[in-house]
Every structure is written in structure tokens, then in C-alpha cells.
Amino acid sequence: MSSEHVTTPRSGLRVCVVAGDDAAPEVVLPTVALLRELVPDIQFTQALSGREAQERYGEAFPAETRAAIDSADCTLFGASGGPSRPVLWYLRWGKQTYVNIRPVRWLPGYQSPMRQPERIDYVIVRDNLEGMYPPREGALSELGALTSSGSWWQAPPVQETGAYAVRVSTDTQARRVAEAACNLALQRLAAGYPGCVTLGAKYSILPQTDGRFREIVREMVREHPELSYQEFLIDDLGRRMIAAPETLDVVVLGNEHGDILADVASGSIGGLGLSPSACYGAEYAYFEPVHGSAPDIAGKNTINPTAMLLSGAMFLAHYGYREQATRLENAIAHVYSEGHTLPVDQGGSASTSDFIVAVRSSL
């Protein structure tokens with residue numbers, strides 16, 4: 001399994017469903033119901049996590065859930081509010097899903113704060129494994145033992161009480177992320193987009209990590225003369241995402257930079273409730289909304305299901321069900337364009353259930 005889509009529908013597809021914490025099940029379960037209607041042959045198996053798993057099995061990430069994930073081709077995941085975090089970490093680092101794909105596209109009806117939101121239509125390709133996540137931290141006093149610390153621009157304050165964090169960057173991972181960005185840019189070029197890869201990094205200050213990432217992305221793009229390339233320091237890219245989003249097509253970012261700027265991008269189209277994502281590895285994939293578990297509105301039937309529904313569409317497209325994915329995307333777009341059944345976070349009064357019913361009717 002890679003970030004490249006399957007060209008024909010995958011038969012016998014087995015999908016693990018982990019609904020997640022707080023309000024997340026309120027969007028996951030109706031999404032799965034719609035996906036069942038669109039492709040009855042897909043086998044969905046629900047596995048418990050978090051508080052529900054704790055009550056039933058005595059632990060938040062039981063062996064039964066791990067086995068369900070391992071026996072499936074992919075996982076649909078809701079969101080973690082803390083209790084389900086071990087599951088998410090397993091999907092990410094345990095299954096080595098190395099790249100995170102986050103589409104950023106405004107649709108008519110989205111309540112964007114931007115003056116001309118129709119300019120926003122690009123995709124973020126983010127390192128999903130390295131950088132500063134997962135956390136590798138320790139006491140400052142440990143840094144004095146590092147051979148390289150003697151050549152640093154500023155000596156580590158080992159006499160102070162405090163902590164450090166390690167940022168990891170391997171050539172192997174950088175090449176995988178760069179390759180995924182180029183493959184996506186080629187797909188978008190064929191669909192009429194510019195075919196431009198944009199790198200954002202702090203290569204001016206971090207030459208051995210971000211600077212090396214920059215070199216590898218450049219090298220990979222050069223292998224595809226039909227693609228174009230641009231690069232910006234990460235802070236400048238953040239400005240451009242707001243001031244000139246129409247100049248972006250495929251944006252490739254490191255882990256923590258992508259984590260931050262993807263949420264900025266979501267805000268530019270109207271909020272986290274609108275943003276889907278997919279994480280791909282060599283042998284596995286999982287799909288989840290960008291938003292968190294929304295504990296403040298759990299049980300209120302008001303969480304916006306759009307991000308989860310669009311993540312479901314990404315899932316369908318990835319496994320070759322392009323017609324069904326397009327139908328689902330078009331149905332969502334239709335509901336927003338009509339403007340009669342908008343979720344609460346988009347200025348409407350529709351409940352989660354109301355929005356799902358409207359999408360189903362549009363299908």
C-alpha cells in the first residue's frame with residue numbers, strides 16, 4: 001500500500017473501524033453506514049478503543065483491537081481525545097504510515113473568513129513519522145555528552161534545570177515524502193492543476209535537517225521535468241497560504257510544520273470540521289478527519305460530519321471506488337451549495353443527523 005491510488009476497485013476489502021473518543025463516533029458511525037450503502041461488498045469491522053475498551057477489556061488499546069487493525073487492509077479512525085491515543089500511535093508508527101495527505105479546498109457554502117476563498121484548492125503532503133514526533137525528550141544536563149554539542153553555535157546550558165527535545169530526519173523518510181508529493185503533483189497535473197511542488201521549511205536555520213530535506217525534495221522534483229518547483233521559508237509560506245493561496249498546488253512539509261500549517265489551512269476554508277486526511281504507508285493506510293474529538297459537544301448531535309465524510313471519500317478513491325467517491329463528494333458539495341442544511345459551525349442549525357440525511361438524499 002502506497003500513497004498511489006489503486007486503479008481498479010479492490011475486491012474483498014477489509015476495513016477496521018475505530019470510532020475514537022467523545023463526539024468522534026457521532027460522525028464515524030453514520031459515515032460507515034453511507035459507505036456500506038455505496039459499496040456493499042466492503043467488509044467493515046468495528047473495534048473498541050478508549051473508555052469503551054477500558055470498560056470491556058480493562059485497557060484502552062486491547063489486543064482484540066490490535067488484532068482487528070492488523071487483519072484489516074486499512075482503518076477508519078475517528079479522533080483521539082486522549083484515551084484512544086495509543087491506537088492512533090500504533091496506526092501511525094506501528095504501521096509505519098509515513099505520509100499524511102490533507103486536501104485544502106473551499107466549496108461554496110463553507111463559511112471561510114477569507115475575502116476570496118475560491119482561490120483555495122491545494123493539498124498538503126506531510127511527513128507523518130519523524131521530526132519532533134513522537135517525543136524524544138530529556139534533561140538538559142544530558143546534552144553535554146553529545147560530541148557535536150561542542151560545535152554548536154551556542155553551547156547547551158547544561159547547568160540549567162530544563163529539558164530538550166530531539167528532532168529526527170532521515171534521508172529514507174525524506175525521500176518517501178518527496179516521492180509522495182511528486183506522485184500527487186503528477187496526478188493533479190493530469191487533472192488540470194499546475195503540477196507544482198512547494199516546499200516549506202526552515203532551511204536557513206536548520207541546514208542539516210530542513211536543509212537536507214530541501215535538497216532531497218529538489219532532487220526528486222528534478223526527476224520529473226513536467227513538474228514545477230518553488231520553495232519558501234516556513235514562516236513566509238504561512239503568510240502565502242493566507243495572502244496568495246492560489247499560488248499553491250502540492251505543499252510538502254515536515255512533521256511539526258505540517259501539523260501546524262494544516263490547521264491554519266483548515267481555518268482558511270472555514271474550520272477543522274471541513275478537513276479530511278489520509279495516512280499512507282508501504283503496507284497500510286488509515287483515514288481520519290483533521291479535527292479532534294470535540295469533548296465539549298459530545299452527545300449533542302452537533303459535530304460537523306463533513307471532514308469524516310470526505311475522509312471516507314478519500315478512502316473510496318484510494319481503493320479504486322472512484323465513481324462512488326465522486327458521488328459522495330458531489331452530494332456533500334450539493335448540500336453546501338443549497339445552503340438549507342448547514343452544520344452549526346458553518347452558520348446553520350442542522351444537527352449531525354440532519355446533515356447526514358441531506359447528504360444521503362443528495363446521493
# chains A, B, ... in the order shown; residues from 1 in each chain; ligands from 1
$ closest_atom_pairs --of "segment 85-195 of chain A" --to "segment 305-322 of chain A" --cutoff "10 Å" --atoms "only C-alpha atoms" --output "tab-separated table"
residue	atom	partner	partner_atom	distance
A:Ile101	CA	A:Met314	CA	9.7
A:Arg102	CA	A:Ser311	CA	9.5
A:Pro103	CA	A:Met314	CA	9.6
$ select_by_dssp --residues "segment 69-139 of chain A" --states "strand (DSSP E)" --output "list of chain:residue names"
A:Cys74, A:Thr75, A:Leu76, A:Phe77, A:Val99, A:Asn100, A:Ile101, A:Arg102, A:Pro103, A:Val104, A:Arg105, A:Asp121, A:Tyr122, A:Val123, A:Ile124, A:Val125, A:Arg126, A:Asp127, A:Glu137, A:Gly138, A:Ala139
$ residues_around --residues "Glu118 of chain A" --least-positions-apart "3" --cutoff "10 Å" --atoms "only C-alpha atoms" --output "JSON, numbers by chain"
{"A": [105, 106, 107, 108, 112, 114, 115, 121, 245, 246, 269]}
$ write_last_selection --atoms "C-alpha atoms" --output "CSV table (one decimal), in the first residue's frame"
chain,number,residue,atom,x,y,z
A,105,ARG,CA,-10.3,23.1,-0.8
A,106,TRP,CA,-13.0,25.6,-0.3
A,107,LEU,CA,-16.5,24.8,-1.5
A,108,PRO,CA,-19.5,27.2,-2.0
A,112,SER,CA,-14.5,30.9,5.1
A,114,MET,CA,-11.2,34.8,3.5
A,115,ARG,CA,-12.4,37.5,1.1
A,121,ASP,CA,-7.5,24.5,-3.7
A,245,PRO,CA,-3.3,30.5,-1.7
A,246,GLU,CA,-3.9,30.4,-5.5
A,269,ILE,CA,-11.6,27.4,4.3
$ atom_distance --atom1 "atom CA of Leu227 of chain A" --atom2 "atom CA of Tyr286 of chain A"
28.0 Å
$ select_by_dssp --residues "segment 15-71 of chain A" --states "helix (DSSP H, G or I)" --output "JSON, numbers by chain"
{"A": [25, 26, 27, 28, 29, 30, 31, 32, 33, 34, 35, 36, 37, 38, 50, 51, 52, 53, 54, 55, 56, 57, 63, 64, 65, 66, 67, 68, 69, 70, 71]}
$ write_last_selection --atoms "N, CA and C atoms" --output "tab-separated table (two decimals), in the first residue's frame"
chain	number	residue	atom	x	y	z
A	25	PRO	N	-17.40	9.30	17.50
A	25	PRO	CA	-18.30	8.24	16.98
A	25	PRO	C	-19.55	8.79	16.31
A	26	GLU	N	-19.96	10.00	16.67
A	26	GLU	CA	-21.17	10.58	16.09
A	26	GLU	C	-21.00	10.91	14.61
A	27	VAL	N	-19.75	11.01	14.14
A	27	VAL	CA	-19.51	11.21	12.71
A	27	VAL	C	-18.99	9.95	12.03
A	28	VAL	N	-18.30	9.10	12.78
A	28	VAL	CA	-17.72	7.89	12.18
A	28	VAL	C	-18.81	6.89	11.80
A	29	LEU	N	-19.70	6.59	12.73
A	29	LEU	CA	-20.68	5.52	12.50
A	29	LEU	C	-21.64	5.84	11.36
A	30	PRO	N	-22.20	7.07	11.26
A	30	PRO	CA	-23.04	7.35	10.09
A	30	PRO	C	-22.27	7.40	8.78
A	31	THR	N	-20.98	7.75	8.84
A	31	THR	CA	-20.16	7.72	7.63
A	31	THR	C	-20.00	6.29	7.15
A	32	VAL	N	-19.73	5.38	8.07
A	32	VAL	CA	-19.60	3.97	7.70
A	32	VAL	C	-20.91	3.45	7.11
A	33	ALA	N	-22.03	3.88	7.67
A	33	ALA	CA	-23.33	3.46	7.12
A	33	ALA	C	-23.50	3.91	5.68
A	34	LEU	N	-23.09	5.13	5.37
A	34	LEU	CA	-23.16	5.62	3.99
A	34	LEU	C	-22.22	4.84	3.08
A	35	LEU	N	-21.02	4.56	3.58
A	35	LEU	CA	-20.05	3.81	2.77
A	35	LEU	C	-20.57	2.40	2.48
A	36	ARG	N	-21.25	1.81	3.44
A	36	ARG	CA	-21.85	0.48	3.21
A	36	ARG	C	-22.88	0.54	2.08
A	37	GLU	N	-23.66	1.61	2.06
A	37	GLU	CA	-24.66	1.76	1.01
A	37	GLU	C	-24.01	1.96	-0.36
A	38	LEU	N	-22.91	2.70	-0.38
A	38	LEU	CA	-22.24	2.97	-1.65
A	38	LEU	C	-21.52	1.74	-2.19
A	50	GLY	N	-10.23	3.35	23.76
A	50	GLY	CA	-10.50	4.37	24.76
A	50	GLY	C	-11.34	3.87	25.92
A	51	ARG	N	-12.28	4.69	26.35
A	51	ARG	CA	-13.07	4.38	27.54
A	51	ARG	C	-13.91	3.13	27.37
A	52	GLU	N	-14.49	2.95	26.17
A	52	GLU	CA	-15.31	1.76	25.93
A	52	GLU	C	-14.47	0.49	26.06
A	53	ALA	N	-13.27	0.53	25.50
A	53	ALA	CA	-12.38	-0.63	25.60
A	53	ALA	C	-11.92	-0.85	27.04
A	54	GLN	N	-11.68	0.23	27.74
A	54	GLN	CA	-11.26	0.14	29.15
A	54	GLN	C	-12.33	-0.57	29.97
A	55	GLU	N	-13.58	-0.22	29.73
A	55	GLU	CA	-14.68	-0.83	30.48
A	55	GLU	C	-14.84	-2.31	30.14
A	56	ARG	N	-14.64	-2.65	28.88
A	56	ARG	CA	-14.89	-4.04	28.46
A	56	ARG	C	-13.68	-4.94	28.65
A	57	TYR	N	-12.49	-4.41	28.32
A	57	TYR	CA	-11.29	-5.26	28.33
A	57	TYR	C	-10.29	-4.91	29.42
A	63	ALA	N	-5.71	-6.10	23.02
A	63	ALA	CA	-5.15	-6.98	21.99
A	63	ALA	C	-6.17	-7.24	20.89
A	64	GLU	N	-7.45	-7.27	21.26
A	64	GLU	CA	-8.50	-7.52	20.28
A	64	GLU	C	-8.55	-6.43	19.22
A	65	THR	N	-8.36	-5.19	19.64
A	65	THR	CA	-8.37	-4.07	18.70
A	65	THR	C	-7.12	-4.09	17.83
A	66	ARG	N	-5.99	-4.38	18.43
A	66	ARG	CA	-4.76	-4.50	17.64
A	66	ARG	C	-4.90	-5.59	16.58
A	67	ALA	N	-5.50	-6.71	16.96
A	67	ALA	CA	-5.68	-7.80	16.01
A	67	ALA	C	-6.62	-7.40	14.88
A	68	ALA	N	-7.67	-6.64	15.21
A	68	ALA	CA	-8.61	-6.19	14.19
A	68	ALA	C	-7.92	-5.25	13.20
A	69	ILE	N	-7.07	-4.37	13.71
A	69	ILE	CA	-6.31	-3.47	12.84
A	69	ILE	C	-5.37	-4.26	11.94
A	70	ASP	N	-4.66	-5.22	12.54
A	70	ASP	CA	-3.66	-5.98	11.79
A	70	ASP	C	-4.29	-6.86	10.71
A	71	SER	N	-5.51	-7.33	10.95
A	71	SER	CA	-6.14	-8.23	9.98
A	71	SER	C	-6.87	-7.47	8.87
$ atom_distance --atom1 "atom CA of Lys300 of chain A" --atom2 "atom CA of Ile356 of chain A"
14.9 Å
$ closest_atom_pairs --of "segment 30-104 of chain A" --to "segment 18-22 of chain A" --cutoff "8 Å" --atoms "only C-alpha atoms" --output "JSON lines"
{"residue": "A:Gln46", "atom": "CA", "partner": "A:Val18", "partner_atom": "CA", "distance": 6.1}
{"residue": "A:Ala47", "atom": "CA", "partner": "A:Val18", "partner_atom": "CA", "distance": 5.4}
{"residue": "A:Leu48", "atom": "CA", "partner": "A:Val18", "partner_atom": "CA", "distance": 6.3}
{"residue": "A:Ser49", "atom": "CA", "partner": "A:Gly20", "partner_atom": "CA", "distance": 6.4}
{"residue": "A:Gly50", "atom": "CA", "partner": "A:Asp21", "partner_atom": "CA", "distance": 6.5}
{"residue": "A:Arg51", "atom": "CA", "partner": "A:Asp21", "partner_atom": "CA", "distance": 7.6}
{"residue": "A:Thr75", "atom": "CA", "partner": "A:Val18", "partner_atom": "CA", "distance": 7.2}
{"residue": "A:Leu76", "atom": "CA", "partner": "A:Val18", "partner_atom": "CA", "distance": 6.2}
{"residue": "A:Phe77", "atom": "CA", "partner": "A:Val18", "partner_atom": "CA", "distance": 4.9}
{"residue": "A:Gly78", "atom": "CA", "partner": "A:Ala19", "partner_atom": "CA", "distance": 4.7}
{"residue": "A:Ala79", "atom": "CA", "partner": "A:Gly20", "partner_atom": "CA", "distance": 5.0}
{"residue": "A:Ser80", "atom": "CA", "partner": "A:Asp21", "partner_atom": "CA", "distance": 5.4}
{"residue": "A:Gly81", "atom": "CA", "partner": "A:Asp21", "partner_atom": "CA", "distance": 5.6}
{"residue": "A:Gly82", "atom": "CA", "partner": "A:Asp21", "partner_atom": "CA", "distance": 7.7}
{"residue": "A:Pro83", "atom": "CA", "partner": "A:Asp21", "partner_atom": "CA", "distance": 7.1}
{"residue": "A:Ser84", "atom": "CA", "partner": "A:Gly20", "partner_atom": "CA", "distance": 6.1}
$ closest_residue --among "A:Leu140, A:Leu248, A:Leu88, A:Ala72" --to "Pro194 of chain A" --atoms "only C-alpha atoms"
A:Leu248
$ residues_around --residues "Asp249 of chain A" --least-positions-apart "3" --cutoff "12 Å" --atoms "only C-alpha atoms" --output "ChimeraX atom specification"
/A:102-105,119-125,181-182,184-189,191-199,227-230,241,244-246,252
$ write_last_selection --atoms "N, CA, C and O atoms" --output "tab-separated table (two decimals), in the first residue's frame"
chain	number	residue	atom	x	y	z
A	102	ARG	N	-3.40	15.90	3.21
A	102	ARG	CA	-4.50	16.74	3.68
A	102	ARG	C	-4.96	17.70	2.57
A	102	ARG	O	-4.33	18.73	2.34
A	103	PRO	N	-6.05	17.38	1.89
A	103	PRO	CA	-6.58	18.30	0.88
A	103	PRO	C	-7.11	19.58	1.54
A	103	PRO	O	-7.68	19.54	2.63
A	104	VAL	N	-6.89	20.70	0.88
A	104	VAL	CA	-7.36	22.00	1.37
A	104	VAL	C	-8.14	22.65	0.22
A	104	VAL	O	-7.55	23.18	-0.71
A	105	ARG	N	-9.46	22.58	0.28
A	105	ARG	CA	-10.27	23.07	-0.83
A	105	ARG	C	-11.55	23.71	-0.31
A	105	ARG	O	-12.29	23.09	0.46
A	119	ARG	N	-10.07	30.88	-4.24
A	119	ARG	CA	-8.67	30.71	-4.64
A	119	ARG	C	-8.02	29.50	-3.96
A	119	ARG	O	-6.90	29.12	-4.33
A	120	ILE	N	-8.67	28.91	-3.00
A	120	ILE	CA	-8.04	27.88	-2.16
A	120	ILE	C	-8.34	26.49	-2.70
A	120	ILE	O	-9.48	26.02	-2.63
A	121	ASP	N	-7.34	25.82	-3.22
A	121	ASP	CA	-7.50	24.46	-3.73
A	121	ASP	C	-6.11	23.84	-3.89
A	121	ASP	O	-5.51	23.87	-4.97
A	122	TYR	N	-5.59	23.31	-2.81
A	122	TYR	CA	-4.26	22.68	-2.85
A	122	TYR	C	-4.24	21.51	-1.88
A	122	TYR	O	-5.24	21.22	-1.20
A	123	VAL	N	-3.13	20.81	-1.82
A	123	VAL	CA	-3.00	19.63	-0.96
A	123	VAL	C	-1.70	19.72	-0.18
A	123	VAL	O	-0.65	20.06	-0.73
A	124	ILE	N	-1.78	19.42	1.11
A	124	ILE	CA	-0.58	19.36	1.96
A	124	ILE	C	-0.12	17.91	2.06
A	124	ILE	O	-0.91	17.00	2.33
A	125	VAL	N	1.18	17.71	1.80
A	125	VAL	CA	1.82	16.40	1.95
A	125	VAL	C	2.79	16.53	3.12
A	125	VAL	O	3.76	17.27	3.06
A	181	ALA	N	4.86	13.47	-2.69
A	181	ALA	CA	4.48	14.80	-3.17
A	181	ALA	C	4.55	14.88	-4.69
A	181	ALA	O	3.66	15.43	-5.34
A	182	CYS	N	5.60	14.31	-5.26
A	182	CYS	CA	5.74	14.33	-6.72
A	182	CYS	C	4.66	13.50	-7.40
A	182	CYS	O	4.09	13.91	-8.42
A	184	LEU	N	1.69	12.88	-6.30
A	184	LEU	CA	0.43	13.61	-6.20
A	184	LEU	C	0.40	14.78	-7.18
A	184	LEU	O	-0.62	15.06	-7.82
A	185	ALA	N	1.54	15.48	-7.31
A	185	ALA	CA	1.61	16.60	-8.26
A	185	ALA	C	1.40	16.11	-9.69
A	185	ALA	O	0.75	16.80	-10.50
A	186	LEU	N	1.91	14.94	-10.02
A	186	LEU	CA	1.71	14.37	-11.35
A	186	LEU	C	0.23	14.03	-11.57
A	186	LEU	O	-0.32	14.27	-12.66
A	187	GLN	N	-0.42	13.47	-10.56
A	187	GLN	CA	-1.84	13.16	-10.67
A	187	GLN	C	-2.65	14.44	-10.87
A	187	GLN	O	-3.57	14.48	-11.70
A	188	ARG	N	-2.30	15.47	-10.11
A	188	ARG	CA	-3.04	16.73	-10.22
A	188	ARG	C	-2.75	17.42	-11.56
A	188	ARG	O	-3.64	18.05	-12.14
A	189	LEU	N	-1.53	17.30	-12.05
A	189	LEU	CA	-1.20	17.86	-13.36
A	189	LEU	C	-2.07	17.23	-14.44
A	189	LEU	O	-2.62	17.92	-15.32
A	191	ALA	N	-4.93	16.12	-14.06
A	191	ALA	CA	-6.32	16.54	-13.84
A	191	ALA	C	-6.53	18.03	-14.12
A	191	ALA	O	-7.62	18.55	-13.90
A	192	GLY	N	-5.46	18.71	-14.58
A	192	GLY	CA	-5.60	20.11	-14.94
A	192	GLY	C	-5.04	21.12	-13.95
A	192	GLY	O	-5.15	22.33	-14.17
A	193	TYR	N	-4.44	20.63	-12.88
A	193	TYR	CA	-3.81	21.53	-11.92
A	193	TYR	C	-2.40	21.90	-12.38
A	193	TYR	O	-1.87	21.30	-13.34
A	194	PRO	N	-1.73	22.86	-11.72
A	194	PRO	CA	-0.42	23.32	-12.21
A	194	PRO	C	0.70	22.29	-12.18
A	194	PRO	O	1.66	22.40	-12.93
A	195	GLY	N	0.60	21.30	-11.29
A	195	GLY	CA	1.71	20.35	-11.18
A	195	GLY	C	2.93	20.99	-10.55
A	195	GLY	O	4.05	20.78	-11.00
A	196	CYS	N	2.70	21.76	-9.50
A	196	CYS	CA	3.78	22.50	-8.84
A	196	CYS	C	3.97	21.99	-7.42
A	196	CYS	O	3.01	21.91	-6.65
A	197	VAL	N	5.19	21.63	-7.08
A	197	VAL	CA	5.55	21.21	-5.72
A	197	VAL	C	6.14	22.40	-4.98
A	197	VAL	O	7.09	23.02	-5.47
A	198	THR	N	5.58	22.71	-3.82
A	198	THR	CA	6.08	23.81	-2.99
A	198	THR	C	6.62	23.25	-1.69
A	198	THR	O	5.90	22.57	-0.95
A	199	LEU	N	7.89	23.53	-1.41
A	199	LEU	CA	8.50	23.13	-0.14
A	199	LEU	C	8.44	24.27	0.85
A	199	LEU	O	8.74	25.42	0.52
A	227	LEU	N	7.05	18.73	-13.93
A	227	LEU	CA	6.63	19.42	-12.72
A	227	LEU	C	7.41	20.72	-12.53
A	227	LEU	O	8.54	20.84	-12.98
A	228	SER	N	6.80	21.67	-11.85
A	228	SER	CA	7.50	22.90	-11.45
A	228	SER	C	7.74	22.87	-9.94
A	228	SER	O	7.16	22.05	-9.22
A	229	TYR	N	8.59	23.78	-9.48
A	229	TYR	CA	9.02	23.73	-8.08
A	229	TYR	C	9.21	25.14	-7.53
A	229	TYR	O	9.67	26.04	-8.25
A	230	GLN	N	8.82	25.31	-6.27
A	230	GLN	CA	9.13	26.55	-5.57
A	230	GLN	C	9.35	26.22	-4.10
A	230	GLN	O	8.88	25.19	-3.60
A	241	MET	N	-0.01	31.24	2.41
A	241	MET	CA	-1.22	30.43	2.48
A	241	MET	C	-2.46	31.30	2.69
A	241	MET	O	-3.57	30.94	2.28
A	244	ALA	N	-1.84	34.46	-0.69
A	244	ALA	CA	-1.84	34.03	-2.09
A	244	ALA	C	-2.01	32.52	-2.20
A	244	ALA	O	-1.17	31.82	-2.78
A	245	PRO	N	-3.11	31.97	-1.69
A	245	PRO	CA	-3.29	30.51	-1.74
A	245	PRO	C	-3.40	29.97	-3.16
A	245	PRO	O	-3.13	28.79	-3.39
A	246	GLU	N	-3.77	30.83	-4.11
A	246	GLU	CA	-3.89	30.38	-5.50
A	246	GLU	C	-2.55	30.00	-6.11
A	246	GLU	O	-2.50	29.37	-7.17
A	252	VAL	N	4.67	20.45	0.38
A	252	VAL	CA	5.33	19.38	1.12
A	252	VAL	C	6.01	19.97	2.36
A	252	VAL	O	6.75	20.95	2.27
